[in-house]
Amino acid sequence: MRLSQMLFVTLKESPAEAVIPSHQLLLRAGYIRRIGSGIYSYLPLMWRVLQKVSQIVREEMNATGAQECLLPQLQPSELWKESGRWDTYTKAEGIMFAFEDRQGREVALGPTHEEVITTVAKESIRSYRQLPQHLYQIQSKFRDEIRPRFGLMRGREFIMKDGYSFHADEESLKKTYADMDVAYRNMFRRCGLDFVAVEADSGAIGGSGSQEFMVLADAGEDEVLYTEDGKYAANVEKATSLPPDAVESPFEKFEKRETPNTPTIASLAEFAKCSPTNIVKNVLYEAVGDNGKLILVLVSIRGDRDVNEVKLQNELSKMASEFGAKTLLSLTVPEAEAMQKWAAQQLPTGYISPDLSDDYLQKSKDIHPKFVRFADETVAEMKNFVTGANEPGYHVFGANWGKEFTLPSRVVNLQKSVAGDRALHDSQQVLKSARGIEVGHIFQLGTKYSAAMEATFTNEQGEELPLVMGCYGVGVSRLAQAAVEQSHDKDGIIWPVAIAPYHAIIVVPNISDSEAMAAAEKLYAEMNQAGIETLLDDRDARAGFKFKDADLIGIPYRIVTGRSLKQGKVEVVQRATKEAQEIAIEDVVATLKGWMENAIAS
């Protein structure tokens with residue numbers, strides 16, 4: 001492609017909307033243009049990148065025996081109501097574009113396709129002889145993000161590969177899940193990314209287990225905790241660890257003490273001259289079910305730890321039926337104004353104890369009549385601890401479970417792991433923290449959707465059973481921007497060779513120089529014929545301007561037909577290292593082919 005004929009406009013300054021390097025560079029280099037909040041046009045250079053990423057994804061999926069298809073983006077609400085996720089996506093998370101058509105039917109633009117593919121399977125799969133089946137698609141998805149940001153990282157329209165597998169049993173699912181683990185690693189390696197696979201929370205997708213693939217970058221929205229031995233990595237939402245050892249309590253007898261102005265753990269520890277590990281902190285949460293019922297939750301946790309709200313919501317979701325609900329729509333720490341809606345009397349905020357009376361709750365059909373009480377594992381063995389006295393300005397000291405307080409029956413891991421914690425698999429290993437951009441996620445769904453939507457098959461014994469499912473996603477457009485976030489410098493983008501829009505760019509410093517133009521034209525033809533995708537910068541512009549554009553758009557190799565032509569050579573610059581060397585014109589094609597093969601293989 002000749003730049004003189006291409007829709008190609010670069011910007012000197014970054015638009016105000018762009019705050020992270022990859023977003024700034026994609027806008028400045030003319031890869032994308034903003035059309036509206038979280039909505040972008042993919043311009044010719046970007047579309048070539050996306051096609052290359054998609055092809056790598058497609059090749060690795062096809063290699064596993066998966067079958068490509070295309071599912072409708074417009075989805076009827078009935079499917080989502082059947083699975084029980086309509087309220088979750090339209091109200092709780094609120095990320096689905098839902099509306100009525102002219103016939104008054106509720107429809108939505110697909111944020112994901114579990115319901116659609118389960119319907120396809122329900123109507124197509126009858127017998128175990130048809131299993132397993134694995135279908136995937138590459139298409140646009142739509143999510144009404146409340147705060148679209150970072151360009152293609154969190155937009156309202158984006159390109160995604162989503163795949164779904166159907167099985168007769170868990171063993172078959174786990175085999176495909178393992179195949180996807182290998183395929184995904186191949187995809188990201190071939191795209192030239194530095195990535196890590198981590199344990200992850202399944203979120204609104206659901207299922208028994210999942211794994212995320214993170215591209216490591218400072219601007220990543222997710223925190224990853226990992227060990228240097230390479231044996232553990234997890235999203236902070238899922239991470240587990242051994243907390244620091246507790247300090248032995250200095251309090252030997254139970255007593256209530258006045259503790260003025262000590263509503264926080266730090267202020268209480270300082271006043272009491274004890275470690276935060278001697279304090280039981282009681283955190284109040286307000287949950288709302290899809291039936292509108294309020295559920296008040298009290299979590300007792302060691303004073304030096306924080307509650308992992310994702311873990312807490314997962315535990316509460318397991319109990320949804322106990323509250324007459326199918327799912328939970330929200331989980332928040334209530335503000336004083338919110339408390340007035342359900343509190344029968346003013347709560348002793350900051351001084352709450354594990355046995356806060358249920359009498360604090362109003363008697364109403366819309367309010368669950370009792371606090372749902374949890375104890376984090378960190379408090380289960382604590383002795384002679386300090387905790388609230390249910391009276392402002394007072395705490396109790398030297399308290400024990402089984403004497404002054406009853407340990408809640410629900411003792412689970414609810415603590416938020418942090419860098420510095422010890423690893424469960426090896427207490428000598430300390431968790432470290434990094435930022436990551438999620439580019440892929442694989443799930444073992446089990447029968448969550450098939451059971452709800454009655455997608456069944458007949459097994460070898462003639463029994464009718466729900467299909468066992470898996471789900472596998474790759475953010476194609478997100479992956480492309482993640483590559484830029486991971487690989488750039490002050491001058492612009494540094495594309496990995498495998499997904500660069502073009503492999504090389506020939507720059508003619510002076511298009512009035514007939515010898516330079518003739519050499520460039522000859523190389524341009526030879527390189528493209530040899531499979532080296534090449535741009536020719538034949539614009540009537542200053543050489544320095546062209547060099548800056550070449551660096552900005554990140555093409556891996558730059559060939560300059562300049563002064564060295566008199567010696568039968570051209571200057572070749574590698575974008576990643578900025579290493580420049582003069583190479584004989586007749587050797588350029590073979591040299592670049594070798595460099596490209598090495599770059600793609602490494």
# chains A, B, ... in the order shown; residues from 1 in each chain; ligands from 1

$ select_by_dssp --residues "range 149-322 of chain A" --states "helix (DSSP H, G or I)" --output "JSON, numbers by chain"
{"A": [151, 152, 153, 170, 171, 172, 173, 174, 175, 176, 177, 178, 179, 180, 181, 182, 183, 184, 185, 186, 187, 188, 189, 190, 203, 204, 205, 265, 266, 267, 268, 269, 270, 271, 272, 276, 277, 278, 309, 310, 311, 312, 313, 314, 315, 316, 317, 318, 320, 321, 322]}

$ residues_around --residues "Glu597 in chain A" --least-positions-apart "5" --cutoff "12 Å" --atoms "only C-alpha atoms" --output "PyMOL selection string"
chain A and resi 190+497-498+503+531-532+590-592+602

$ atom_distance --atom1 "CA of Leu312 in chain A" --atom2 "CA of Thr378 in chain A"
14.6 Å

$ residues_around --residues "Ala500 in chain A" --least-positions-apart "5" --cutoff "8 Å" --atoms "only C-alpha atoms" --output "VMD selection string"
chain A and resid 48 to 49 495 554 to 556

$ residues_around --residues "Leu414 in chain A" --least-positions-apart "2" --cutoff "7 Å" --atoms "only C-alpha atoms" --output "ChimeraX atom specification"
/A:307-308,311-312,376,412,416

$ residues_around --residues "Arg129 in chain A" --least-positions-apart "4" --cutoff "12 Å" --atoms "only C-alpha atoms" --output "list in words"
Ile125, Gln133, Phe166, His167, Ala168, Phe457, Thr458, Asn459, Glu460 and Gly462 of chain A

$ atom_distance --atom1 "CA of Asp513 in chain A" --atom2 "CA of Ala543 in chain A"
12.5 Å

$ closest_residue --among "A:Gln567, A:Ser487, A:Gln529, A:Gln444" --to "Pro21 in chain A" --atoms "only C-alpha atoms"
A:Ser487

$ residues_around --residues "Leu50 in chain A" --least-positions-apart "4" --cutoff "10 Å" --atoms "only C-alpha atoms" --output "PyMOL selection string"
chain A and resi 42+44-46+54-56+159+476-481+499-501

$ write_last_selection --atoms "C-alpha atoms" --output "PDB file, in the first residue's frame"
ATOM      1  CA  TYR A  42     -11.282   0.787  13.279  1.00  0.00           C
ATOM      2  CA  PRO A  44      -7.430   0.565   7.799  1.00  0.00           C
ATOM      3  CA  LEU A  45      -4.243  -0.007   9.811  1.00  0.00           C
ATOM      4  CA  MET A  46      -6.189  -1.187  12.850  1.00  0.00           C
ATOM      5  CA  SER A  54      -8.476 -13.011  14.514  1.00  0.00           C
ATOM      6  CA  GLN A  55      -6.663 -15.332  12.130  1.00  0.00           C
ATOM      7  CA  ILE A  56      -4.271 -16.519  14.846  1.00  0.00           C
ATOM      8  CA  ILE A 159     -14.737  -7.612  18.992  1.00  0.00           C
ATOM      9  CA  VAL A 476      -9.745  -9.601  20.072  1.00  0.00           C
ATOM     10  CA  SER A 477      -9.838  -5.790  19.993  1.00  0.00           C
ATOM     11  CA  ARG A 478      -8.715  -5.587  23.627  1.00  0.00           C
ATOM     12  CA  LEU A 479      -5.792  -7.907  22.872  1.00  0.00           C
ATOM     13  CA  ALA A 480      -4.657  -5.633  20.039  1.00  0.00           C
ATOM     14  CA  GLN A 481      -4.550  -2.593  22.321  1.00  0.00           C
ATOM     15  CA  ILE A 499       0.230  -8.839  14.312  1.00  0.00           C
ATOM     16  CA  ALA A 500       1.779  -5.673  12.851  1.00  0.00           C
ATOM     17  CA  PRO A 501      -0.434  -4.146  10.133  1.00  0.00           C
TER      18      PRO A 501
END

$ select_by_dssp --residues "range 10-86 of chain A" --states "strand (DSSP E or B)" --output "list in words"
Ile32, Arg33, Arg34, Ile35, Gly36, Ile39, Tyr40, Ser41, Tyr42, Gln67, Glu68, Leu74, Gln75 and Pro76 of chain A

$ closest_residue --among "A:Gln130, A:Asn400, A:Gln103, A:Asn235" --to "Glu438 in chain A" --atoms "only C-alpha atoms"
A:Asn235

$ atom_distance --atom1 "CA of Asp304 in chain A" --atom2 "CA of Pro260 in chain A"
20.5 Å

$ closest_residue --among "A:Ala108, A:Ala197, A:Ala98, A:Ala530" --to "Gln75 in chain A" --atoms "only C-alpha atoms"
A:Ala108

$ decode --residues "range 317-369 of chain A" --atoms "C-alpha atoms" --output "tab-separated table (two decimals), in the first residue's frame"
chain	number	residue	atom	x	y	z
A	317	SER	CA	-25.37	-16.09	45.80
A	318	LYS	CA	-25.26	-19.72	46.89
A	319	MET	CA	-27.89	-18.84	49.49
A	320	ALA	CA	-30.18	-16.78	47.21
A	321	SER	CA	-33.04	-19.29	47.43
A	322	GLU	CA	-33.06	-18.91	51.24
A	323	PHE	CA	-34.08	-15.29	50.66
A	324	GLY	CA	-36.74	-16.21	48.10
A	325	ALA	CA	-34.52	-14.89	45.30
A	326	LYS	CA	-32.87	-16.36	42.22
A	327	THR	CA	-29.86	-14.08	42.33
A	328	LEU	CA	-28.40	-11.05	44.09
A	329	LEU	CA	-28.48	-7.72	42.32
A	330	SER	CA	-26.07	-5.76	44.49
A	331	LEU	CA	-23.78	-5.81	47.51
A	332	THR	CA	-22.71	-2.57	49.18
A	333	VAL	CA	-21.51	-1.13	52.48
A	334	PRO	CA	-24.56	0.96	53.46
A	335	GLU	CA	-24.24	4.67	54.09
A	336	ALA	CA	-26.12	6.31	56.98
A	337	GLU	CA	-28.94	7.37	54.65
A	338	ALA	CA	-29.39	3.80	53.39
A	339	MET	CA	-29.49	2.46	56.95
A	340	GLN	CA	-32.50	4.61	57.73
A	341	LYS	CA	-34.54	2.50	55.29
A	342	TRP	CA	-34.12	-0.70	57.26
A	343	ALA	CA	-32.74	0.09	60.73
A	344	ALA	CA	-35.28	0.02	63.59
A	345	GLN	CA	-32.89	2.09	65.73
A	346	GLN	CA	-29.57	3.85	65.27
A	347	LEU	CA	-26.69	1.39	64.89
A	348	PRO	CA	-23.48	1.69	66.93
A	349	THR	CA	-21.41	2.19	63.78
A	350	GLY	CA	-17.71	1.66	64.42
A	351	TYR	CA	-18.44	-0.24	67.64
A	352	ILE	CA	-20.45	-3.21	66.35
A	353	SER	CA	-19.91	-6.65	67.90
A	354	PRO	CA	-20.41	-10.10	66.31
A	355	ASP	CA	-23.69	-10.54	68.22
A	356	LEU	CA	-25.37	-7.34	67.00
A	357	SER	CA	-29.05	-7.95	67.77
A	358	ASP	CA	-31.55	-8.73	65.02
A	359	ASP	CA	-33.78	-6.21	66.78
A	360	TYR	CA	-31.91	-3.50	64.89
A	361	LEU	CA	-33.81	-4.63	61.78
A	362	GLN	CA	-37.25	-3.31	60.94
A	363	LYS	CA	-39.99	-5.88	60.74
A	364	SER	CA	-40.97	-5.82	57.07
A	365	LYS	CA	-41.72	-8.34	54.34
A	366	ASP	CA	-39.10	-6.54	52.22
A	367	ILE	CA	-36.33	-7.06	54.79
A	368	HIS	CA	-34.84	-10.43	55.69
A	369	PRO	CA	-35.65	-10.73	59.43
